[in-house]
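Asks: Structure supplied as upload_23.cif; contents: mmCIF, C-alpha atoms.
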data_work
#
loop_
_atom_site.label_atom_id
_atom_site.label_comp_id
_atom_site.auth_asym_id
_atom_site.auth_seq_id
_atom_site.Cartn_x
_atom_site.Cartn_y
_atom_site.Cartn_z
CA MET G 1 -9.43 -29.52 -23.27
CA PRO G 2 -6.54 -30.37 -20.89
CA GLN G 3 -6.46 -28.41 -17.66
CA THR G 4 -3.79 -25.70 -17.47
CA ARG G 5 -1.17 -26.61 -14.91
CA THR G 6 -0.75 -24.18 -12.04
CA GLY G 7 1.94 -23.96 -9.41
CA GLY G 8 2.43 -22.38 -6.05
CA PHE G 9 0.36 -22.62 -2.92
CA ALA G 10 -2.74 -21.30 -1.21
CA ASP G 11 -3.49 -21.87 2.46
CA ASP G 12 -6.37 -24.30 2.87
CA ARG G 13 -8.81 -21.57 3.85
CA PHE G 14 -8.13 -19.85 0.52
CA SER G 15 -8.88 -22.83 -1.72
CA ALA G 16 -11.66 -20.81 -3.39
CA ALA G 17 -9.06 -18.26 -4.46
CA ARG G 18 -7.04 -21.01 -6.12
CA GLU G 19 -10.20 -22.24 -7.86
CA ALA G 20 -10.97 -18.74 -9.13
CA PHE G 21 -7.40 -18.40 -10.41
CA GLU G 22 -7.58 -21.73 -12.22
CA ALA G 23 -10.99 -20.86 -13.68
CA ASN G 24 -9.43 -17.97 -15.58
CA PHE G 25 -7.47 -20.52 -17.63
CA ALA G 26 -10.29 -23.03 -17.93
CA ASN G 27 -12.66 -20.44 -19.42
CA GLY G 28 -10.06 -19.13 -21.88
CA GLU G 29 -9.69 -15.67 -20.34
CA GLU G 30 -6.04 -16.10 -19.46
CA LEU G 31 -2.78 -17.18 -21.08
CA GLY G 32 -0.28 -16.88 -18.24
CA ALA G 33 -0.59 -15.19 -14.86
CA SER G 34 0.35 -14.99 -11.20
CA PHE G 35 -1.62 -14.01 -8.09
CA CYS G 36 -0.30 -13.31 -4.61
CA ALA G 37 -1.88 -12.22 -1.33
CA THR G 38 -0.41 -11.18 2.00
CA VAL G 39 -2.23 -10.95 5.34
CA GLU G 40 -0.54 -9.25 8.31
CA GLY G 41 2.69 -9.37 6.31
CA GLU G 42 2.52 -13.13 5.73
CA THR G 43 2.26 -14.48 2.18
CA VAL G 44 -0.82 -16.73 2.28
CA VAL G 45 -1.41 -17.26 -1.46
CA ASP G 46 1.26 -17.42 -4.18
CA LEU G 47 0.02 -18.87 -7.46
CA TRP G 48 1.21 -18.97 -11.04
CA GLY G 49 0.21 -20.84 -14.14
CA GLY G 50 -0.30 -20.95 -17.88
CA TYR G 51 2.24 -19.92 -20.46
CA ALA G 52 4.76 -17.15 -20.98
CA ASP G 53 4.20 -17.02 -24.75
CA GLU G 54 1.36 -17.24 -27.25
CA GLU G 55 2.82 -20.38 -28.77
CA LYS G 56 2.50 -22.07 -25.35
CA SER G 57 6.06 -23.31 -25.59
CA ARG G 58 7.21 -21.75 -22.29
CA PRO G 59 5.30 -22.58 -19.10
CA TRP G 60 4.83 -19.67 -16.70
CA ALA G 61 7.23 -20.58 -13.89
CA ARG G 62 7.71 -19.44 -10.32
CA ASP G 63 10.27 -16.84 -11.38
CA THR G 64 8.52 -15.64 -14.55
CA ILE G 65 8.22 -11.86 -14.68
CA VAL G 66 6.24 -9.63 -17.01
CA ASN G 67 5.88 -5.96 -17.98
CA VAL G 68 3.07 -4.71 -15.73
CA TYR G 69 2.66 -1.26 -17.29
CA SER G 70 1.12 1.20 -14.81
CA ILE G 71 1.66 -0.93 -11.72
CA THR G 72 5.13 0.60 -12.20
CA LYS G 73 3.61 3.90 -11.04
CA THR G 74 2.96 2.44 -7.60
CA MET G 75 6.64 1.56 -7.24
CA THR G 76 7.57 5.08 -8.37
CA ALA G 77 5.13 6.56 -5.86
CA LEU G 78 6.47 4.30 -3.10
CA THR G 79 10.00 5.52 -3.83
CA ALA G 80 8.84 9.13 -3.45
CA LEU G 81 6.97 8.26 -0.24
CA LEU G 82 10.18 6.74 1.12
CA LEU G 83 12.17 9.92 0.41
CA ALA G 84 9.42 12.00 2.02
CA ASP G 85 9.44 9.73 5.06
CA ARG G 86 13.16 10.40 5.42
CA GLY G 87 12.64 14.15 5.19
CA GLU G 88 14.36 14.47 1.83
CA LEU G 89 11.18 15.34 -0.10
CA ASP G 90 8.31 17.65 0.85
CA PHE G 91 5.11 16.92 -1.07
CA SER G 92 3.78 20.41 -0.39
CA ALA G 93 6.88 22.06 -1.84
CA PRO G 94 6.99 23.46 -5.37
CA VAL G 95 8.52 21.06 -7.87
CA ALA G 96 10.77 23.92 -8.94
CA SER G 97 12.45 23.94 -5.53
CA TYR G 98 14.07 20.65 -6.55
CA TRP G 99 14.03 21.11 -10.33
CA PRO G 100 14.44 24.86 -11.07
CA GLU G 101 13.88 24.58 -14.83
CA PHE G 102 10.39 23.26 -14.13
CA ALA G 103 9.20 26.75 -13.15
CA ALA G 104 8.99 27.77 -16.83
CA ASN G 105 5.68 28.67 -18.44
CA GLY G 106 3.82 29.42 -15.22
CA LYS G 107 4.61 26.17 -13.40
CA ASP G 108 6.45 27.71 -10.46
CA ARG G 109 3.63 26.93 -8.01
CA ILE G 110 2.95 23.33 -9.02
CA THR G 111 3.69 21.10 -6.03
CA VAL G 112 5.13 17.60 -5.84
CA ALA G 113 1.77 16.47 -4.44
CA GLN G 114 0.13 17.62 -7.68
CA LEU G 115 2.54 15.43 -9.67
CA MET G 116 1.70 12.51 -7.37
CA SER G 117 -2.05 13.02 -7.81
CA HIS G 118 -2.14 13.58 -11.59
CA THR G 119 -3.33 17.17 -11.11
CA SER G 120 -0.31 19.09 -12.45
CA GLY G 121 -1.82 19.61 -15.90
CA LEU G 122 1.02 17.67 -17.53
CA SER G 123 -0.69 14.48 -18.66
CA GLY G 124 1.13 14.50 -21.99
CA TRP G 125 3.65 16.34 -24.11
CA ARG G 126 2.92 19.34 -26.30
CA PRO G 127 4.41 19.14 -28.86
CA ALA G 128 4.02 15.37 -28.91
CA VAL G 129 6.86 12.92 -28.48
CA SER G 130 7.13 9.40 -29.82
CA GLY G 131 7.43 6.20 -27.83
CA ALA G 132 11.06 6.03 -28.98
CA ASP G 133 11.69 9.31 -27.17
CA PHE G 134 11.08 7.52 -23.86
CA TYR G 135 14.62 6.19 -24.17
CA ASP G 136 15.96 9.76 -23.99
CA TRP G 137 15.41 10.82 -20.39
CA ASP G 138 16.88 14.29 -20.77
CA LYS G 139 14.76 15.08 -23.81
CA VAL G 140 11.37 14.10 -22.37
CA THR G 141 11.98 15.65 -18.96
CA SER G 142 13.32 18.88 -20.49
CA MET G 143 10.22 19.15 -22.65
CA LEU G 144 7.96 18.72 -19.62
CA ALA G 145 9.92 21.38 -17.75
CA ALA G 146 9.52 23.82 -20.64
CA GLN G 147 5.85 23.37 -21.54
CA ALA G 148 2.73 25.01 -20.14
CA PRO G 149 0.11 22.97 -18.25
CA LEU G 150 -2.80 21.61 -20.30
CA TRP G 151 -5.27 22.83 -17.63
CA GLU G 152 -5.08 24.83 -14.43
CA PRO G 153 -3.01 22.76 -11.99
CA GLY G 154 -4.83 21.49 -8.92
CA THR G 155 -8.33 21.98 -10.31
CA ALA G 156 -8.81 18.46 -11.70
CA SER G 157 -6.95 15.23 -12.27
CA GLY G 158 -5.97 14.03 -15.72
CA TYR G 159 -4.28 10.65 -15.63
CA HIS G 160 -0.56 11.11 -16.33
CA VAL G 161 -0.24 7.89 -18.31
CA TYR G 162 3.43 8.20 -19.29
CA THR G 163 4.53 11.53 -17.83
CA PHE G 164 4.01 10.48 -14.18
CA GLY G 165 7.19 8.44 -14.04
CA PHE G 166 9.37 11.01 -15.75
CA LEU G 167 8.07 13.83 -13.55
CA ILE G 168 8.48 12.00 -10.24
CA GLY G 169 11.64 10.35 -11.48
CA GLU G 170 13.31 13.66 -12.27
CA VAL G 171 12.44 15.04 -8.82
CA VAL G 172 13.97 11.92 -7.28
CA ARG G 173 17.07 12.30 -9.46
CA ARG G 174 17.49 15.95 -8.46
CA ILE G 175 17.29 15.01 -4.77
CA THR G 176 19.41 11.86 -4.76
CA GLY G 177 21.66 12.19 -7.80
CA LYS G 178 20.49 8.72 -8.83
CA SER G 179 17.87 7.47 -11.27
CA LEU G 180 14.52 6.42 -9.86
CA GLY G 181 15.11 2.80 -10.86
CA THR G 182 18.39 2.80 -8.96
CA VAL G 183 16.88 4.30 -5.80
CA PHE G 184 13.97 1.87 -5.97
CA ARG G 185 16.31 -1.10 -6.41
CA GLU G 186 18.78 -0.10 -3.69
CA GLU G 187 16.30 1.13 -1.08
CA ILE G 188 13.23 -1.08 -1.60
CA ALA G 189 13.60 -4.07 -3.93
CA GLU G 190 17.02 -5.35 -2.81
CA PRO G 191 16.42 -4.99 0.96
CA LEU G 192 13.17 -6.95 0.54
CA GLY G 193 14.61 -9.48 -1.89
CA ALA G 194 11.83 -8.49 -4.29
CA ASP G 195 11.94 -9.45 -7.96
CA PHE G 196 10.71 -6.17 -9.43
CA TRP G 197 12.73 -4.02 -11.82
CA ILE G 198 12.50 -0.54 -13.32
CA GLY G 199 15.24 -0.98 -15.88
CA LEU G 200 15.65 -4.72 -16.41
CA PRO G 201 19.18 -6.13 -16.88
CA GLY G 202 19.69 -8.22 -20.00
CA SER G 203 20.59 -11.17 -17.80
CA GLU G 204 16.91 -11.45 -16.83
CA ASP G 205 15.39 -11.41 -20.33
CA HIS G 206 14.95 -15.17 -20.45
CA ARG G 207 12.41 -14.96 -17.61
CA VAL G 208 10.13 -12.36 -19.21
CA ALA G 209 6.67 -13.43 -20.41
CA ASN G 210 5.53 -11.96 -23.71
CA LEU G 211 2.53 -9.67 -23.56
CA ALA G 212 -0.19 -10.65 -26.01
CA GLY G 213 -2.95 -8.52 -27.56
CA GLY G 214 -4.09 -5.13 -26.34
CA GLU G 215 -3.11 -3.09 -29.38
CA SER G 216 -5.50 -0.18 -28.70
CA PRO G 217 -4.90 2.24 -25.83
CA PRO G 218 -7.34 1.13 -23.10
CA GLY G 219 -10.24 3.44 -22.44
CA THR G 220 -10.07 5.26 -25.78
CA ALA G 221 -12.21 3.09 -28.06
CA ASN G 222 -15.33 4.72 -29.51
CA LEU G 223 -14.72 8.00 -27.70
CA GLN G 224 -15.05 11.54 -28.98
CA LEU G 225 -11.73 12.62 -27.56
CA THR G 226 -11.05 15.99 -25.96
CA ASP G 227 -7.73 17.74 -26.51
CA VAL G 228 -6.48 16.47 -23.15
CA GLN G 229 -7.45 12.89 -23.97
CA ARG G 230 -5.86 13.03 -27.41
CA ILE G 231 -2.61 14.47 -26.05
CA THR G 232 -2.57 11.95 -23.21
CA PHE G 233 -3.54 8.72 -24.98
CA ILE G 234 -3.15 9.19 -28.72
CA ASP G 235 -0.37 11.67 -29.54
CA THR G 236 2.15 9.53 -27.67
CA GLN G 237 1.79 5.76 -27.71
CA THR G 238 3.78 2.64 -27.17
CA ASP G 239 2.86 -0.77 -28.53
CA VAL G 240 2.95 -4.31 -27.21
CA PRO G 241 5.69 -5.53 -29.61
CA SER G 242 8.07 -2.87 -28.26
CA THR G 243 7.88 -4.51 -24.82
CA ARG G 244 9.75 -7.50 -26.22
CA THR G 245 12.81 -5.41 -27.15
CA ARG G 246 15.97 -5.05 -25.10
CA VAL G 247 15.88 -1.25 -25.39
CA TRP G 248 12.38 -1.11 -23.80
CA ARG G 249 13.18 -3.55 -21.04
CA GLY G 250 16.49 -1.93 -20.18
CA ALA G 251 15.24 1.65 -20.14
CA GLU G 252 13.77 3.37 -17.10
CA ILE G 253 10.23 4.39 -17.96
CA PRO G 254 8.91 4.66 -14.40
CA ALA G 255 5.24 4.91 -15.35
CA ALA G 256 5.11 1.94 -17.67
CA ASN G 257 7.98 -0.53 -18.02
CA GLY G 258 8.36 -2.15 -14.61
CA HIS G 259 8.88 -5.91 -14.69
CA GLY G 260 7.79 -8.18 -11.88
CA ASN G 261 5.22 -10.74 -10.83
CA ALA G 262 2.37 -10.88 -8.37
CA ARG G 263 4.66 -12.05 -5.58
CA SER G 264 6.99 -9.09 -5.83
CA ILE G 265 4.12 -6.63 -6.20
CA ALA G 266 2.19 -7.94 -3.19
CA GLU G 267 5.22 -8.36 -0.95
CA ILE G 268 6.60 -4.88 -1.71
CA HIS G 269 3.23 -3.23 -1.06
CA ALA G 270 2.97 -5.11 2.23
CA LEU G 271 5.05 -2.16 3.42
CA LEU G 272 2.01 0.10 3.08
CA ALA G 273 -0.38 -2.49 4.53
CA ASN G 274 1.76 -3.14 7.58
CA GLY G 275 2.98 0.25 8.73
CA GLY G 276 6.29 0.28 6.89
CA VAL G 277 7.45 -3.27 7.68
CA ALA G 278 7.79 -6.11 5.15
CA LYS G 279 9.78 -9.34 5.23
CA GLY G 280 10.63 -8.49 8.85
CA LYS G 281 12.39 -5.28 7.81
CA ARG G 282 11.30 -1.74 8.63
CA ILE G 283 11.70 0.39 5.53
CA MET G 284 9.35 3.27 6.40
CA SER G 285 7.46 4.69 9.36
CA GLU G 286 3.75 4.03 9.73
CA ALA G 287 3.02 7.75 9.38
CA GLY G 288 5.06 7.84 6.19
CA CYS G 289 3.01 4.99 4.77
CA ARG G 290 -0.30 6.57 5.68
CA LYS G 291 0.63 9.71 3.71
CA ALA G 292 -0.45 7.76 0.61
CA LEU G 293 -4.04 7.82 1.93
CA GLU G 294 -4.25 11.62 2.05
CA GLN G 295 -6.84 12.62 -0.54
CA GLN G 296 -5.60 15.17 -3.06
CA ILE G 297 -8.49 15.29 -5.55
CA ASP G 298 -11.97 13.83 -6.00
CA GLY G 299 -13.75 14.51 -9.25
CA PRO G 300 -14.06 13.81 -12.97
CA ASP G 301 -10.73 12.85 -14.51
CA LEU G 302 -10.02 14.86 -17.65
CA ALA G 303 -8.07 12.05 -19.33
CA MET G 304 -10.13 9.01 -18.34
CA GLY G 305 -13.41 9.98 -19.94
CA ARG G 306 -14.38 12.24 -17.03
CA ARG G 307 -14.90 9.22 -14.82
CA GLN G 308 -14.96 10.03 -11.10
CA VAL G 309 -11.56 9.37 -9.51
CA ARG G 310 -10.11 9.96 -6.06
CA PHE G 311 -6.35 10.20 -5.81
CA GLY G 312 -4.17 10.08 -2.75
CA LEU G 313 -0.41 10.45 -3.09
CA GLY G 314 0.44 8.14 -5.97
CA PHE G 315 -2.46 5.72 -5.56
CA GLY G 316 -6.15 5.57 -6.28
CA LEU G 317 -8.53 5.75 -3.32
CA PRO G 318 -11.93 3.98 -3.27
CA SER G 319 -14.19 5.54 -5.90
CA ALA G 320 -16.68 4.72 -8.63
CA ILE G 321 -13.94 4.14 -11.20
CA LEU G 322 -13.17 0.75 -9.64
CA ALA G 323 -15.74 -1.99 -10.24
CA LEU G 324 -14.33 -3.99 -7.31
CA THR G 325 -16.51 -2.76 -4.46
CA PRO G 326 -17.11 -2.05 -1.68
CA LEU G 327 -13.60 -1.30 -0.42
CA ASN G 328 -12.52 -0.42 3.05
CA PRO G 329 -12.10 3.37 3.26
CA ASN G 330 -8.36 3.10 3.90
CA SER G 331 -7.54 1.19 0.74
CA LEU G 332 -5.08 1.98 -2.03
CA PHE G 333 -5.09 0.52 -5.52
CA TRP G 334 -3.92 0.87 -9.06
CA ALA G 335 -3.97 -1.11 -12.28
CA GLY G 336 -1.75 -1.65 -15.27
CA GLY G 337 -3.07 -1.48 -18.81
CA GLY G 338 -4.37 -4.87 -19.89
CA GLY G 339 -5.23 -6.25 -16.46
CA SER G 340 -2.43 -6.21 -13.88
CA PHE G 341 -3.73 -5.01 -10.51
CA VAL G 342 -2.74 -4.27 -6.92
CA LEU G 343 -4.93 -3.57 -3.89
CA ILE G 344 -3.60 -2.58 -0.48
CA ASP G 345 -6.07 -2.61 2.43
CA VAL G 346 -4.44 -0.72 5.26
CA ASP G 347 -7.24 -1.52 7.73
CA ALA G 348 -7.24 -5.27 7.05
CA ARG G 349 -3.44 -5.28 6.57
CA THR G 350 -3.73 -7.19 3.33
CA THR G 351 -2.34 -6.90 -0.19
CA PHE G 352 -3.58 -8.58 -3.36
CA ALA G 353 -1.69 -8.54 -6.66
CA TYR G 354 -2.28 -9.95 -10.13
CA ALA G 355 0.12 -9.96 -13.08
CA MET G 356 -0.64 -11.53 -16.45
CA ASN G 357 0.34 -11.48 -20.11
CA LYS G 358 -3.00 -11.68 -21.93
CA MET G 359 -4.02 -8.07 -22.42
CA GLN G 360 -7.67 -7.09 -22.07
CA ARG G 361 -9.04 -3.68 -23.02
CA SER G 362 -9.37 -2.56 -19.45
CA LEU G 363 -8.03 0.55 -17.81
CA MET G 364 -8.73 -0.28 -14.17
CA GLY G 365 -8.48 -4.03 -13.67
CA ASP G 366 -10.99 -6.69 -14.68
CA GLU G 367 -12.85 -9.74 -13.46
CA ARG G 368 -9.86 -12.08 -13.74
CA SER G 369 -8.31 -10.57 -10.62
CA PHE G 370 -11.52 -9.31 -9.06
CA ARG G 371 -13.02 -12.81 -8.78
CA ILE G 372 -9.95 -14.03 -6.93
CA ILE G 373 -9.99 -11.05 -4.58
CA ARG G 374 -13.67 -11.56 -3.80
CA ALA G 375 -12.89 -15.18 -2.95
CA MET G 376 -10.13 -13.95 -0.62
CA TRP G 377 -12.51 -11.53 1.09
CA GLN G 378 -15.06 -14.26 1.65
CA ALA G 379 -12.46 -16.62 3.07
CA LEU G 380 -11.10 -13.97 5.41
CA GLY G 381 -14.59 -13.51 6.81
CA ALA G 382 -13.92 -9.82 7.25
CA GLY G 383 -14.83 -8.33 3.92
CA PRO G 384 -14.74 -4.67 3.07
CA GLU G 385 -18.17 -4.10 4.60
CA LYS G 386 -16.55 -4.93 7.98
CA ALA G 387 -13.77 -2.37 7.90
CA ALA G 388 -11.65 -2.55 10.99
#
Could you spell out this file's structure in structure tokens?
Replies:
Amino acid sequence: MPQTRTGGFADDRFSAAREAFEANFANGEELGASFCATVEGETVVDLWGGYADEEKSRPWARDTIVNVYSITKTMTALTALLLADRGELDFSAPVASYWPEFAANGKDRITVAQLMSHTSGLSGWRPAVSGADFYDWDKVTSMLAAQAPLWEPGTASGYHVYTFGFLIGEVVRRITGKSLGTVFREEIAEPLGADFWIGLPGSEDHRVANLAGGESPPGTANLQLTDVQRITFIDTQTDVPSTRTRVWRGAEIPAANGHGNARSIAEIHALLANGGVAKGKRIMSEAGCRKALEQQIDGPDLAMGRRQVRFGLGFGLPSAILALTPLNPNSLFWAGGGGSFVLIDVDARTTFAYAMNKMQRSLMGDERSFRIIRAMWQALGAGPEKAA
């Protein structure tokens, strides 16, 4: 079998990371992918390879981008963190102080922090909506404002698979008068020259890799589902073919339809790893970045099969749900359905990101990215067991 061609670079000391990346193609686990790592704000590994389509007619190029599903949530959270850093958003404030209609049905005391930590009790819509409804911002946000929580807010997390982006996005819209995708683009992506989009222009369609596989919602196979799980994962679904449509790509679905690659993901999150500075530009204060590390909940997640999860503000904190261990205590992470992944180590001032198009049935990353990250840790000689 011919070896899959890969592009990009890895500093000599990270040759094992390149080998691990290439092994994903050699062993048949990957179709097309990118991996990027930053250390102290410097990009030290930037790799890509494979194909952007199942027919293997389009090589994955330097500027190939892909729908990274829930990695989009980290960009949404970062946008909220930026507004909070500027004093425009108070995480401890009731959501209704920005979005008065949200107070309906006993939700007047739900805070923005509870939206950010998946503890608001709004992990899905009741009554259910369809994936097509995601293109109607006013409809889905109005329904969330009107409905009652599915459980007592603040008592437990329940992963807000799709609702997270609409909830945070509407708060951002009420504060700024702009859509979340617009604020993210103007305040974060464009200043950093980062190729990540929430609402992709049609002019960029030719660069998008096709997602392949992953037809079942990750984490729901062979489960006896609770009401919360059914409402969260089953009653509302999207499918992989829809990601190839112009209406999906062009919409703003800030929990699920962000398009980017490992380079843009790693270099944007270098902000959090490096005290608010990336690409030589200060976007946030160090204190504003560290807000993400403030634990909001630690316990069984009601949507994710009651697996133990710790949430900060918009990101996962080290916990048993992540098979990539041990992590430095001051680490942030999240994953996109099918395998995309980002890890920010605030102590080691590093970011690692993986974006791919071959979907695996994983909810929280998988060995394709984990093997590369372990190789990075070993090369750095200051693995997570040696937290700074």
Asks: Give me the result of the PyMOL selection byres ((chain G and resi 226) around 12) on this file, residue by residue, as a compact mmCIF listing (two decimals) with C-alpha atoms, keeping the file's coordinate frame.
Replies:
# COMPACT_ATOMS: atom_id res chain seq x y z
CA LEU G 150 -2.80 21.61 -20.30
CA GLY G 158 -5.97 14.03 -15.72
CA THR G 220 -10.07 5.26 -25.78
CA LEU G 223 -14.72 8.00 -27.70
CA GLN G 224 -15.05 11.54 -28.98
CA LEU G 225 -11.73 12.62 -27.56
CA ASP G 227 -7.73 17.74 -26.51
CA VAL G 228 -6.48 16.47 -23.15
CA GLN G 229 -7.45 12.89 -23.97
CA ARG G 230 -5.86 13.03 -27.41
CA ILE G 231 -2.61 14.47 -26.05
CA THR G 232 -2.57 11.95 -23.21
CA PHE G 233 -3.54 8.72 -24.98
CA ILE G 234 -3.15 9.19 -28.72
CA ASP G 301 -10.73 12.85 -14.51
CA LEU G 302 -10.02 14.86 -17.65
CA ALA G 303 -8.07 12.05 -19.33
CA MET G 304 -10.13 9.01 -18.34
CA GLY G 305 -13.41 9.98 -19.94
CA ARG G 306 -14.38 12.24 -17.03
Asks: Name the residues that the PyMOL selection byres ((chain G and resi 88-92) around 9) pulls out of this structure, and write them as JSON, numbers by chain.
Replies: {"G": [80, 81, 82, 83, 84, 85, 86, 87, 93, 94, 95, 98, 111, 112, 113, 114, 116, 171, 172, 175, 176, 313]}
Asks: So how many Å separate atom CA of Thr141 of chain G and atom CA of Ala156 of chain G, to one decimal?
Replies: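 Rounded to one decimal, the two atoms are 22.2 Å apart.
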Asks: Just the number, please: distance in Å from atom CA of Ala323 of chain G to atom CA of Leu272 of chain G, one decimal.
Replies: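 These two atoms are separated by 22.3 Å.
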Asks: I'd like the neighbourhood of Phe164 of chain G as number ranges by chain, where a residue qualifies if any of its atoms comes within 12 Å (using all atoms listed in the file), though same-chain residues fewer than 3 positions away should be ignored.
Replies: G: 70-77, 80, 112-125, 140-141, 144, 158-161, 167-171, 232, 253-256, 313-315
Asks: Include C-alpha atoms and write out the residues we just selected as a PDB file, in the coordinates of the input.
Replies:
ATOM      1  CA  SER G  70       1.120   1.200 -14.810  1.00  0.00           C
ATOM      2  CA  ILE G  71       1.660  -0.930 -11.720  1.00  0.00           C
ATOM      3  CA  THR G  72       5.130   0.600 -12.200  1.00  0.00           C
ATOM      4  CA  LYS G  73       3.610   3.900 -11.040  1.00  0.00           C
ATOM      5  CA  THR G  74       2.960   2.440  -7.600  1.00  0.00           C
ATOM      6  CA  MET G  75       6.640   1.560  -7.240  1.00  0.00           C
ATOM      7  CA  THR G  76       7.570   5.080  -8.370  1.00  0.00           C
ATOM      8  CA  ALA G  77       5.130   6.560  -5.860  1.00  0.00           C
ATOM      9  CA  ALA G  80       8.840   9.130  -3.450  1.00  0.00           C
ATOM     10  CA  VAL G 112       5.130  17.600  -5.840  1.00  0.00           C
ATOM     11  CA  ALA G 113       1.770  16.470  -4.440  1.00  0.00           C
ATOM     12  CA  GLN G 114       0.130  17.620  -7.680  1.00  0.00           C
ATOM     13  CA  LEU G 115       2.540  15.430  -9.670  1.00  0.00           C
ATOM     14  CA  MET G 116       1.700  12.510  -7.370  1.00  0.00           C
ATOM     15  CA  SER G 117      -2.050  13.020  -7.810  1.00  0.00           C
ATOM     16  CA  HIS G 118      -2.140  13.580 -11.590  1.00  0.00           C
ATOM     17  CA  THR G 119      -3.330  17.170 -11.110  1.00  0.00           C
ATOM     18  CA  SER G 120      -0.310  19.090 -12.450  1.00  0.00           C
ATOM     19  CA  GLY G 121      -1.820  19.610 -15.900  1.00  0.00           C
ATOM     20  CA  LEU G 122       1.020  17.670 -17.530  1.00  0.00           C
ATOM     21  CA  SER G 123      -0.690  14.480 -18.660  1.00  0.00           C
ATOM     22  CA  GLY G 124       1.130  14.500 -21.990  1.00  0.00           C
ATOM     23  CA  TRP G 125       3.650  16.340 -24.110  1.00  0.00           C
ATOM     24  CA  VAL G 140      11.370  14.100 -22.370  1.00  0.00           C
ATOM     25  CA  THR G 141      11.980  15.650 -18.960  1.00  0.00           C
ATOM     26  CA  LEU G 144       7.960  18.720 -19.620  1.00  0.00           C
ATOM     27  CA  GLY G 158      -5.970  14.030 -15.720  1.00  0.00           C
ATOM     28  CA  TYR G 159      -4.280  10.650 -15.630  1.00  0.00           C
ATOM     29  CA  HIS G 160      -0.560  11.110 -16.330  1.00  0.00           C
ATOM     30  CA  VAL G 161      -0.240   7.890 -18.310  1.00  0.00           C
ATOM     31  CA  LEU G 167       8.070  13.830 -13.550  1.00  0.00           C
ATOM     32  CA  ILE G 168       8.480  12.000 -10.240  1.00  0.00           C
ATOM     33  CA  GLY G 169      11.640  10.350 -11.480  1.00  0.00           C
ATOM     34  CA  GLU G 170      13.310  13.660 -12.270  1.00  0.00           C
ATOM     35  CA  VAL G 171      12.440  15.040  -8.820  1.00  0.00           C
ATOM     36  CA  THR G 232      -2.570  11.950 -23.210  1.00  0.00           C
ATOM     37  CA  ILE G 253      10.230   4.390 -17.960  1.00  0.00           C
ATOM     38  CA  PRO G 254       8.910   4.660 -14.400  1.00  0.00           C
ATOM     39  CA  ALA G 255       5.240   4.910 -15.350  1.00  0.00           C
ATOM     40  CA  ALA G 256       5.110   1.940 -17.670  1.00  0.00           C
ATOM     41  CA  LEU G 313      -0.410  10.450  -3.090  1.00  0.00           C
ATOM     42  CA  GLY G 314       0.440   8.140  -5.970  1.00  0.00           C
ATOM     43  CA  PHE G 315      -2.460   5.720  -5.560  1.00  0.00           C
TER      44      PHE G 315
END
Asks: Go through the shown structure with the PyMOL selection byres ((chain G and resi 5) around 10) and write out the matching residues as a ChimeraX atom specification.
Replies: /G:2-4,6-7,22,25,48-51,59-60
Asks: I'd like to know which of G:Gly280, G:Gly154, G:Ala20, G:His269 is closest to Ser331 of chain G, using all atoms listed in the file.
Replies: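 Under the stated criterion, the closest residue is G:His269.
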